[in-house]
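Chemist: This is data_22.txt, which holds compact mmCIF, C-alpha atoms (C1' of nucleotides):
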# COMPACT_ATOMS: atom_id res chain seq x y z
CA MET P 581 86.33 124.13 124.25
CA ASN P 582 89.89 123.39 125.24
CA ILE P 583 93.42 123.48 123.98
CA GLN P 584 93.37 119.94 122.63
CA PRO P 585 93.79 121.04 118.98
CA LEU P 586 97.03 122.77 119.91
CA ILE P 587 98.33 119.71 121.72
CA GLU P 588 97.48 117.64 118.67
CA HIS P 589 99.20 120.17 116.47
CA PHE P 590 102.45 119.75 118.37
CA LYS P 591 102.30 116.00 117.82
CA ASN P 592 103.48 116.78 114.29
CA TYR P 593 106.71 118.04 115.85
CA LEU P 594 108.14 117.15 119.26
CA PRO P 595 104.97 116.20 121.17
CA LEU P 596 104.51 117.92 124.50
CA GLY P 597 104.85 116.15 127.83
CA ASP P 598 102.32 116.33 130.66
CA GLU P 599 104.11 119.11 132.48
CA GLU P 600 104.28 121.26 129.36
CA ILE P 601 100.63 120.59 128.63
CA GLY P 602 99.78 121.63 132.17
CA GLU P 603 101.58 124.94 131.75
CA LEU P 604 99.95 125.47 128.40
CA GLU P 605 96.52 124.94 129.92
CA LYS P 606 97.31 127.49 132.60
CA ARG P 607 98.62 130.13 130.23
CA ALA P 608 96.90 129.78 126.89
CA SER P 609 93.69 131.73 126.48
CA ILE P 610 90.87 130.64 124.22
CA ARG P 611 88.94 133.35 122.51
CA LYS P 612 86.05 133.67 120.08
CA VAL P 613 86.46 136.22 117.33
CA LYS P 614 83.59 137.40 115.14
CA ARG P 615 83.76 137.88 111.39
CA ARG P 616 85.36 141.26 110.53
CA GLN P 617 86.72 141.66 114.04
CA LEU P 618 90.37 142.76 114.29
CA ILE P 619 92.83 141.03 116.61
CA LEU P 620 95.66 143.37 115.58
CA SER P 621 95.45 146.94 114.27
CA GLU P 622 98.03 149.21 112.70
CA GLY P 623 99.83 151.14 115.42
CA ASP P 624 99.39 148.44 118.07
CA VAL P 625 102.21 146.20 119.19
CA CYS P 626 101.57 142.57 118.34
CA ASN P 627 101.83 140.99 121.77
CA CYS P 628 100.73 137.43 121.12
CA TYR P 629 100.98 134.43 118.89
CA THR P 630 97.56 133.30 117.66
CA PHE P 631 96.73 129.68 116.81
CA VAL P 632 93.53 129.12 114.81
CA ILE P 633 91.26 126.34 116.09
CA GLU P 634 88.39 127.21 113.82
CA GLY P 635 87.78 129.91 111.24
CA CYS P 636 89.93 131.99 108.95
CA PHE P 637 92.08 135.12 109.25
CA LYS P 638 93.95 137.50 107.01
CA MET P 639 96.93 139.69 107.84
CA TYR P 640 97.27 142.74 105.63
CA LYS P 641 98.72 146.19 105.23
CA VAL P 642 96.71 149.25 104.23
CA ASP P 643 98.68 151.58 101.97
CA GLU P 644 98.50 155.40 101.73
CA GLU P 645 95.67 155.09 99.22
CA GLY P 646 93.64 152.89 101.55
CA LYS P 647 94.21 149.70 99.60
CA GLU P 648 94.66 146.40 101.41
CA HIS P 649 97.54 144.05 100.64
CA ASN P 650 97.21 140.54 102.04
CA LEU P 651 100.40 139.14 103.44
CA GLN P 652 99.10 135.92 104.94
CA PHE P 653 96.02 133.82 105.55
CA ALA P 654 95.57 131.39 108.44
CA ILE P 655 92.99 128.65 108.84
CA GLU P 656 92.54 125.70 111.22
CA ASN P 657 95.84 124.61 112.80
CA GLY P 658 97.70 127.62 111.47
CA TRP P 659 99.61 130.30 113.35
CA ILE P 660 99.36 134.01 112.74
CA ALA P 661 101.26 136.95 114.21
CA ASP P 662 103.29 139.95 113.10
CA LEU P 663 106.64 138.60 114.23
CA GLY P 664 108.44 141.82 113.38
CA SER P 665 106.29 143.78 115.80
CA PHE P 666 106.15 140.93 118.32
CA TYR P 667 109.91 140.76 118.82
CA SER P 668 110.82 144.43 118.30
CA GLU P 669 107.82 145.60 120.34
CA LYS P 670 107.35 148.37 117.81
CA PRO P 671 103.91 149.35 116.50
CA SER P 672 102.72 147.08 113.73
CA GLU P 673 101.94 148.29 110.21
CA LEU P 674 99.56 145.40 109.80
CA TYR P 675 96.02 144.35 110.57
CA ILE P 676 94.87 140.84 111.45
CA GLU P 677 91.17 140.31 110.82
CA ALA P 678 88.79 137.37 111.10
CA MET P 679 87.22 136.52 107.76
CA GLU P 680 84.76 134.13 109.44
CA ASN P 681 83.49 133.67 112.98
CA SER P 682 86.48 131.98 114.55
CA VAL P 683 87.97 130.42 117.65
CA VAL P 684 91.63 130.89 118.53
CA ILE P 685 94.20 130.15 121.20
CA GLN P 686 96.47 133.03 122.13
CA LEU P 687 99.85 133.00 123.80
CA LYS P 688 101.18 136.24 125.19
CA LYS P 689 104.76 137.30 124.73
CA GLU P 690 105.68 136.61 128.33
CA ASP P 691 104.24 133.11 128.02
CA MET P 692 106.13 132.43 124.81
CA LEU P 693 109.34 133.54 126.53
CA PHE P 694 108.48 131.35 129.50
CA PHE P 695 108.09 128.32 127.26
CA PHE P 696 111.20 129.09 125.23
CA THR P 697 113.22 129.50 128.41
CA ASN P 698 111.94 126.53 130.34
CA TYR P 699 111.03 123.91 127.77
CA HIS P 700 113.46 123.66 124.94
CA LYS P 701 110.96 121.65 122.95
CA PHE P 702 109.35 124.98 122.18
CA ASP P 703 112.56 126.30 120.70
CA ARG P 704 112.70 123.19 118.56
CA ASN P 705 109.06 123.23 117.53
CA PHE P 706 108.99 126.88 116.69
CA ARG P 707 112.31 126.64 114.89
CA VAL P 708 110.77 124.05 112.60
CA LEU P 709 107.50 125.95 112.27
CA VAL P 710 109.27 129.16 111.32
CA GLU P 711 111.60 127.34 108.96
CA ASN P 712 108.59 126.04 107.08
CA ALA P 713 106.98 129.46 107.02
CA PHE P 714 110.26 130.90 105.78
CA ILE P 715 110.53 128.36 102.99
CA GLU P 716 107.03 129.20 101.82
CA MET P 717 107.66 132.93 102.02
CA GLN P 718 110.83 132.46 99.98
CA ARG P 719 108.92 130.56 97.32
CA ARG P 720 106.52 133.45 97.18
CA VAL P 721 109.24 136.07 96.75
CA LEU P 722 110.74 134.00 93.96
CA GLN P 723 107.38 133.87 92.27
CA ASN P 724 106.75 137.56 92.66
CA ILE P 725 110.02 138.47 90.99
CA SER P 726 109.86 135.87 88.23
CA SER P 727 106.26 135.01 87.30
CA THR P 728 103.29 136.68 85.65
CA ALA P 729 100.07 137.33 87.53
CA GLU P 730 98.41 134.39 85.78
CA GLU P 731 101.13 132.01 86.95
CA ARG P 732 100.87 133.33 90.50
CA TYR P 733 97.11 132.82 90.46
CA LEU P 734 97.34 129.25 89.18
CA ASP P 735 100.03 128.50 91.73
CA PHE P 736 97.86 129.89 94.50
CA LEU P 737 95.00 127.56 93.53
CA GLU P 738 97.36 124.61 93.47
CA LYS P 739 99.12 125.38 96.74
CA HIS P 740 96.05 126.47 98.74
CA PRO P 741 93.22 124.13 97.72
CA LYS P 742 91.51 124.63 101.09
CA LEU P 743 91.34 128.37 100.64
CA PHE P 744 90.25 129.08 97.10
CA ASN P 745 86.63 128.04 97.61
CA ARG P 746 86.49 129.67 101.01
CA ILE P 747 87.57 133.24 100.33
CA SER P 748 86.63 135.77 97.67
CA ASN P 749 88.64 136.53 94.57
CA VAL P 750 89.15 140.03 95.91
CA GLN P 751 91.17 138.49 98.75
CA ILE P 752 93.15 136.26 96.42
CA ALA P 753 93.90 139.21 94.14
CA SER P 754 95.23 141.18 97.09
CA TYR P 755 97.40 138.22 98.11
CA ILE P 756 99.01 137.67 94.72
CA GLY P 757 99.44 141.39 94.18
CA VAL P 758 96.99 142.35 91.43
CA THR P 759 93.76 144.34 91.29
CA PRO P 760 90.45 142.45 91.48
CA GLU P 761 89.59 143.70 88.00
CA PHE P 762 92.72 142.27 86.52
CA LEU P 763 92.24 138.95 88.30
CA SER P 764 88.78 138.80 86.79
CA LYS P 765 90.32 139.17 83.34
CA ILE P 766 92.87 136.48 84.10
CA ARG P 767 90.10 134.11 85.17
CA LYS P 768 88.17 134.81 82.00
CA GLU P 769 91.28 134.12 79.96
CA ILE P 770 91.86 130.81 81.78
CA THR P 771 88.31 129.48 81.34
CA SER P 772 88.31 130.34 77.65
CA LYS P 773 91.22 127.93 77.16
CA MET O 1231 142.00 130.43 109.30
CA ASN O 1232 139.66 129.07 111.92
CA ILE O 1233 136.05 129.08 113.00
CA GLN O 1234 136.44 132.06 115.31
CA PRO O 1235 134.10 134.30 113.25
CA LEU O 1236 131.32 131.76 113.69
CA ILE O 1237 131.88 131.58 117.44
CA GLU O 1238 131.78 135.38 117.57
CA HIS O 1239 128.61 135.33 115.51
CA PHE O 1240 126.85 133.16 118.06
CA LYS O 1241 127.74 135.65 120.79
CA ASN O 1242 124.91 137.77 119.38
CA TYR O 1243 122.55 134.97 120.44
CA LEU O 1244 123.15 132.33 123.11
CA PRO O 1245 126.96 132.13 123.13
CA LEU O 1246 128.42 128.66 122.79
CA GLY O 1247 130.14 126.83 125.63
CA ASP O 1248 133.54 125.14 125.38
CA GLU O 1249 132.11 121.73 124.66
CA GLU O 1250 129.97 123.04 121.83
CA ILE O 1251 132.89 124.96 120.40
CA GLY O 1252 134.94 121.79 120.49
CA GLU O 1253 132.33 119.87 118.53
CA LEU O 1254 132.02 122.72 116.08
CA GLU O 1255 135.79 122.69 115.50
CA LYS O 1256 135.65 118.97 114.84
CA ARG O 1257 132.73 119.11 112.42
CA ALA O 1258 132.74 122.45 110.63
CA SER O 1259 134.73 122.61 107.44
CA ILE O 1260 136.37 125.75 106.17
CA ARG O 1261 136.48 126.23 102.46
CA LYS O 1262 137.71 128.78 99.97
CA VAL O 1263 135.41 129.52 97.08
CA LYS O 1264 136.50 131.43 93.98
CA ARG O 1265 134.47 134.13 92.27
CA ARG O 1266 131.83 132.61 89.96
CA GLN O 1267 132.19 129.22 91.59
CA LEU O 1268 128.93 127.46 92.46
CA ILE O 1269 128.39 125.86 95.86
CA LEU O 1270 124.89 124.70 94.90
CA SER O 1271 123.50 123.90 91.44
CA GLU O 1272 119.99 123.28 90.22
CA GLY O 1273 119.21 119.58 90.51
CA ASP O 1274 121.52 119.00 93.48
CA VAL O 1275 120.27 118.51 97.00
CA CYS O 1276 121.40 121.30 99.30
CA ASN O 1277 123.19 119.31 101.99
CA CYS O 1278 124.78 122.01 104.07
CA TYR O 1279 124.36 125.34 105.77
CA THR O 1280 126.98 127.85 104.65
CA PHE O 1281 128.28 130.66 106.85
CA VAL O 1282 130.20 133.42 105.08
CA ILE O 1283 133.47 134.46 106.75
CA GLU O 1284 134.61 136.61 103.89
CA GLY O 1285 133.21 137.41 100.46
CA CYS O 1286 129.79 137.57 98.92
CA PHE O 1287 127.26 135.10 97.52
CA LYS O 1288 123.99 135.16 95.63
CA MET O 1289 121.27 132.51 95.54
CA TYR O 1290 119.14 132.60 92.41
CA LYS O 1291 116.80 130.71 90.16
CA VAL O 1292 117.21 130.42 86.40
CA ASP O 1293 113.87 130.49 84.57
CA GLU O 1294 112.89 128.73 81.34
CA GLU O 1295 114.24 131.66 79.33
CA GLY O 1296 117.60 131.49 81.04
CA LYS O 1297 117.10 134.60 83.14
CA GLU O 1298 118.44 134.76 86.68
CA HIS O 1299 116.27 135.85 89.61
CA ASN O 1300 118.15 136.67 92.81
CA LEU O 1301 116.46 135.43 95.93
CA GLN O 1302 119.13 136.27 98.49
CA PHE O 1303 122.57 137.73 98.99
CA ALA O 1304 124.94 136.81 101.80
CA ILE O 1305 128.05 138.64 102.96
CA GLU O 1306 130.31 138.38 106.02
CA ASN O 1307 128.55 136.80 109.01
CA GLY O 1308 125.55 135.80 106.96
CA TRP O 1309 124.09 132.35 106.38
CA ILE O 1310 123.00 130.95 103.06
CA ALA O 1311 121.27 127.69 102.13
CA ASP O 1312 118.24 126.46 100.22
CA LEU O 1313 116.29 125.36 103.29
CA GLY O 1314 113.51 123.84 101.21
CA SER O 1315 115.91 121.44 99.55
CA PHE O 1316 117.97 120.96 102.72
CA TYR O 1317 115.07 119.63 104.77
CA SER O 1318 113.07 117.88 102.06
CA GLU O 1319 116.23 116.41 100.49
CA LYS O 1320 114.70 117.11 97.11
CA PRO O 1321 116.74 118.56 94.23
CA SER O 1322 117.06 122.31 94.46
CA GLU O 1323 115.79 124.70 91.82
CA LEU O 1324 118.40 127.21 92.89
CA TYR O 1325 122.02 128.10 92.40
CA ILE O 1326 124.34 129.56 95.03
CA GLU O 1327 127.32 131.33 93.52
CA ALA O 1328 130.26 133.29 94.90
CA MET O 1329 130.29 136.86 93.60
CA GLU O 1330 133.79 137.42 95.02
CA ASN O 1331 136.60 135.17 96.13
CA SER O 1332 135.26 133.99 99.45
CA VAL O 1333 135.85 131.93 102.55
CA VAL O 1334 133.05 129.99 104.18
CA ILE O 1335 132.30 127.55 106.96
CA GLN O 1336 130.01 124.69 106.03
CA LEU O 1337 127.94 122.45 108.26
CA LYS O 1338 126.59 119.26 106.78
CA LYS O 1339 123.07 118.11 107.41
CA GLU O 1340 124.13 115.33 109.76
CA ASP O 1341 126.14 117.83 111.77
CA MET O 1342 123.26 120.26 111.98
CA LEU O 1343 121.05 117.43 113.22
CA PHE O 1344 123.73 116.45 115.71
CA PHE O 1345 123.84 119.97 117.11
CA PHE O 1346 120.07 120.35 117.16
CA THR O 1347 119.71 117.05 118.96
CA ASN O 1348 122.50 117.42 121.49
CA TYR O 1349 122.79 121.10 122.21
CA HIS O 1350 119.50 122.87 122.44
CA LYS O 1351 121.24 126.21 122.17
CA PHE O 1352 121.36 125.49 118.46
CA ASP O 1353 117.61 125.11 118.33
CA ARG O 1354 117.33 128.45 120.08
CA ASN O 1355 119.94 130.23 117.99
CA PHE O 1356 118.62 128.98 114.69
CA ARG O 1357 115.04 129.67 115.74
CA VAL O 1358 115.99 133.30 116.26
CA LEU O 1359 118.09 133.44 113.09
CA VAL O 1360 115.30 132.01 110.98
CA GLU O 1361 112.72 134.26 112.63
CA ASN O 1362 114.75 137.27 111.58
CA ALA O 1363 115.17 135.94 108.06
CA PHE O 1364 111.43 135.28 107.94
CA ILE O 1365 110.59 138.81 109.06
CA GLU O 1366 112.80 140.23 106.34
CA MET O 1367 111.35 137.93 103.70
CA GLN O 1368 107.85 138.97 104.76
CA ARG O 1369 108.76 142.63 104.43
CA ARG O 1370 109.94 141.86 100.94
CA VAL O 1371 106.75 140.10 99.92
CA LEU O 1372 104.75 143.02 101.22
CA GLN O 1373 106.84 145.38 99.16
CA ASN O 1374 106.58 143.28 96.03
CA ILE O 1375 102.81 143.26 96.17
CA SER O 1376 102.37 146.90 97.15
CA SER O 1377 105.23 149.09 95.85
CA THR O 1378 106.56 150.33 92.55
CA ALA O 1379 109.96 149.33 91.23
CA GLU O 1380 111.38 152.73 92.18
CA GLU O 1381 110.24 152.35 95.77
CA ARG O 1382 111.72 148.86 95.94
CA TYR O 1383 115.03 150.12 94.60
CA LEU O 1384 115.23 152.99 97.09
CA ASP O 1385 114.32 150.63 99.90
CA PHE O 1386 117.04 148.23 98.82
CA LEU O 1387 119.64 150.99 99.01
CA GLU O 1388 118.43 151.98 102.44
CA LYS O 1389 118.23 148.46 103.86
CA HIS O 1390 121.43 147.10 102.34
CA PRO O 1391 123.99 149.90 102.52
CA LYS O 1392 126.85 147.39 102.61
CA LEU O 1393 125.77 145.81 99.35
CA PHE O 1394 124.89 148.57 96.93
CA ASN O 1395 128.46 149.68 96.28
CA ARG O 1396 129.69 146.12 96.20
CA ILE O 1397 127.49 144.47 93.58
CA SER O 1398 126.38 145.50 90.11
CA ASN O 1399 123.04 147.05 89.25
CA VAL O 1400 122.27 143.97 87.20
CA GLN O 1401 122.28 141.99 90.43
CA ILE O 1402 120.16 144.54 92.26
CA ALA O 1403 117.68 144.62 89.37
CA SER O 1404 117.37 140.84 89.51
CA TYR O 1405 116.80 141.02 93.28
CA ILE O 1406 114.04 143.60 93.19
CA GLY O 1407 112.41 141.96 90.19
CA VAL O 1408 112.98 144.33 87.26
CA THR O 1409 115.09 144.24 84.11
CA PRO O 1410 118.51 145.95 84.17
CA GLU O 1411 117.34 148.32 81.45
CA PHE O 1412 114.40 149.46 83.48
CA LEU O 1413 116.50 149.89 86.60
CA SER O 1414 118.82 152.10 84.59
CA LYS O 1415 115.85 154.28 83.67
CA ILE O 1416 114.76 154.43 87.30
CA ARG O 1417 118.24 155.54 88.35
CA LYS O 1418 118.27 158.23 85.69
CA GLU O 1419 114.89 159.42 86.91
CA ILE O 1420 116.13 159.55 90.51
CA THR O 1421 119.32 161.50 89.77
CA SER O 1422 117.40 164.03 87.69
CA LYS O 1423 115.37 164.96 90.77
C1' DC N 943 145.77 144.70 76.39
C1' DG N 944 141.55 142.27 75.09
C1' DA N 945 137.23 139.92 76.02
C1' DA N 946 133.32 139.86 78.66
C1' DA N 947 130.09 142.10 81.37
C1' DA N 948 127.71 146.37 82.89
C1' DT N 949 125.37 150.44 81.74
C1' DT N 950 122.72 153.49 79.06
C1' DT N 951 119.49 154.91 75.45
C1' DG N 952 115.50 154.80 72.33
C1' DA N 953 111.59 152.76 69.86
C1' DC N 954 108.14 149.81 70.48
C1' DA N 955 105.19 146.13 72.73
C1' DT N 956 102.55 144.31 76.49
C1' DG N 957 101.13 143.54 81.25
C1' DA N 958 98.73 145.57 84.67
C1' DC N 959 96.14 149.48 86.69
C1' DT N 960 92.30 153.10 86.86
C1' DC N 961 87.85 154.50 86.52
C1' DA N 962 83.19 154.01 85.64
C1' DA N 963 79.33 151.31 84.84
C1' DC N 964 76.55 147.30 85.31
C1' DT N 965 74.95 142.74 87.22
C1' DG N 966 73.74 139.54 90.59
C1' DG N 967 73.81 137.45 95.06
C1' DA N 968 74.02 137.65 100.25
C1' DG N 969 72.85 139.74 104.37
C1' DT N 970 69.79 142.96 107.05
C1' DG N 971 65.93 145.43 108.85
C1' DG N 972 61.23 146.38 108.57
C1' DC T 1245 58.91 137.78 103.06
C1' DC T 1246 60.07 141.85 100.68
C1' DA T 1247 62.83 145.89 99.81
C1' DC T 1248 67.12 147.56 100.35
C1' DT T 1249 71.93 147.92 100.61
C1' DC T 1250 76.34 146.30 100.10
C1' DC T 1251 79.81 143.78 98.16
C1' DA T 1252 81.80 140.57 94.69
C1' DG T 1253 82.44 140.00 90.13
C1' DT T 1254 82.64 141.45 85.26
C1' DT T 1255 83.44 144.42 81.27
C1' DG T 1256 85.47 148.04 78.36
C1' DA T 1257 88.16 152.19 77.29
C1' DG T 1258 92.04 154.59 78.23
C1' DT T 1259 96.53 155.07 80.63
C1' DC T 1260 100.77 154.01 82.94
C1' DA T 1261 104.44 150.89 84.39
C1' DT T 1262 107.51 147.81 82.92
C1' DG T 1263 109.47 144.57 79.49
C1' DT T 1264 111.81 143.55 74.86
C1' DC T 1265 115.13 144.16 71.56
C1' DA T 1266 118.95 146.26 69.49
C1' DA T 1267 122.80 149.23 69.50
C1' DA T 1268 126.42 152.10 71.33
C1' DT T 1269 129.57 153.06 75.24
C1' DT T 1270 132.00 152.25 79.34
C1' DT T 1271 133.89 149.46 82.89
C1' DT T 1272 135.89 145.41 84.83
C1' DC T 1273 138.85 141.66 85.19
C1' DG T 1274 141.58 138.00 83.66
Transcribe the structure of this file into structure tokens.
Modeler:
Amino acid sequence: MNIQPLIEHFKNYLPLGDEEIGELEKRASIRKVKRRQLILSEGDVCNCYTFVIEGCFKMYKVDEEGKEHNLQFAIENGWIADLGSFYSEKPSELYIEAMENSVVIQLKKEDMLFFFTNYHKFDRNFRVLVENAFIEMQRRVLQNISSTAEERYLDFLEKHPKLFNRISNVQIASYIGVTPEFLSKIRKEITSK
Amino acid sequence: MNIQPLIEHFKNYLPLGDEEIGELEKRASIRKVKRRQLILSEGDVCNCYTFVIEGCFKMYKVDEEGKEHNLQFAIENGWIADLGSFYSEKPSELYIEAMENSVVIQLKKEDMLFFFTNYHKFDRNFRVLVENAFIEMQRRVLQNISSTAEERYLDFLEKHPKLFNRISNVQIASYIGVTPEFLSKIRKEITSK
DNA sequence: CGAAAATTTGACATGACTCAACTGGAGTGG
DNA sequence: CCACTCCAGTTGAGTCATGTCAAATTTTCG
């Protein structure tokens, strides 16, 4: 197991040179994570970026009543981190949990800063990565303030075809912001059409 | 009127050097925009980044029923653009409208690409800018899927103290995703406490 | 000043949640 | 391989949050 998938991933942006790859090999750590294992817990500072080689993660908040609210999923070739906590170094309100047995590459904060400082390709690549994440998050806000739960569900299926047969409806419900019971009723409604 | 506010703005990040400032002076265009004037309309491609020197803007979508849904506000020293349309060069679904008589600096796409390509400080600065915008947008998604309208309203007041006495409740309602009538009832409820 | 927009109010409608119960499938330990 | 548990999914009844529509009033701005 090596960091090849990450190197490939960057070929979609500004591909890395040999020197950068060398540094990445030195600094990146590969880690196996079991299903249900947490890689970030509420109260901890998020001190690394995580790149998913294999498996599936969710990032969520637990409210005062103990209910989970899914903010993001990440599968193969996706990044996941609580950027707010990562940059402010304040305790996170979020959990990141493996939904399957997974393999990830992690980059610590000091390593990220090293790469940003020394190889401006990283500034470029992460600028573009974050821009894309921002655009998607903005789409989601727009949907939340302007669409019904049924529309949000149908949009989720359309926009995340790789996820909907891989995770439970409970997880999807939590992501689109409805209760599992209500999602069940929505699904019934849709099939009866 | 000159681009000084923008140069000052970048001092919060990696400050620009003389050469970069020179290029910026050559390429940036300063523009006055009257209240209610649109700087982006649905169907148009968003072809510039806009930096607000003075005034206030909203970016919103109009749904099939003609209702507006506010996605973002921008005041002094803020940026506004439909990044999705900007990078994909596809027609935007959004409007950007001045809520007051305003003054802005605009950077065309080709100029942005010029700066990104030639001065990597811009990659850095916009990476950080977009990261912060992303973190805020993520907070908002989390709130939309986990809080009541009253909580979202109170949070808006807390997080945007410079806006709430500057824009109407209709605009706030549209931003937090409720009808103006319902927001009025929320406000009544709050004052009666 | 006058028109347009913002705000408030009330009656009513509907979307979405809560709670409790039931079913069925997947994983686990004996 | 079976018995068991746990979790996902479904259903229904009742409730609460929020939307709709219409009207009256106030404020803002040209």
Chemist: If we count all atoms listed in the file and set the cut-off at 7 Å, which residues sit around stretch 713-729 of chain P, ignoring sequence neighbours fewer than 3 positions away in its own chain? Please answer as number ranges by chain.
Modeler: P: 709-710, 732-733; O: 1299, 1301, 1313-1314, 1364, 1367-1368, 1371, 1374, 1406-1407
Chemist: Could you give me, as a VMD selection string, the residues within 12 Å of P:Val684, counting only C-alpha atoms (C1' of nucleotides) and dropping anything in the same chain fewer than 2 positions from it?
Modeler: chain P and resid 581 to 586 608 to 614 619 628 to 637 654 to 660 678 680 to 682 686 to 687
Chemist: Within 8 Å of chain N, which residues belong to chain P? Use all atoms listed in the file and report them as a PyMOL selection string.
Modeler: chain P and resi 758-759+762
Chemist: For atom C1' of T:DG1274 and atom CA of O:Lys1288, determine how far apart the two atoms are, in Å to one decimal place.
Modeler: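 So the two atoms, atom C1' of T:DG1274 and atom CA of O:Lys1288, lie 21.5 Å apart.
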Chemist: Mind running chain T against chain O at 12 Å and telling me each contacting residue's nearest atom pair with the distance in Å (one decimal), counting all atoms listed in the file, chain and number ascending, as CSV?
Modeler:
residue,atom,partner,partner_atom,distance
T:DC1260,C1',O:Thr1378,CA,11.8
T:DA1261,C1',O:Thr1378,CA,8.4
T:DT1262,C1',O:Phe1412,CA,7.1
T:DG1263,C1',O:Thr1409,CA,7.3
T:DT1264,C1',O:Glu1411,CA,9.8
T:DC1265,C1',O:Glu1411,CA,11.0
T:DT1271,C1',O:Ser1398,CA,11.1
T:DT1272,C1',O:Ser1398,CA,10.9
T:DC1273,C1',O:Arg1265,CA,11.2
T:DG1274,C1',O:Arg1265,CA,11.8
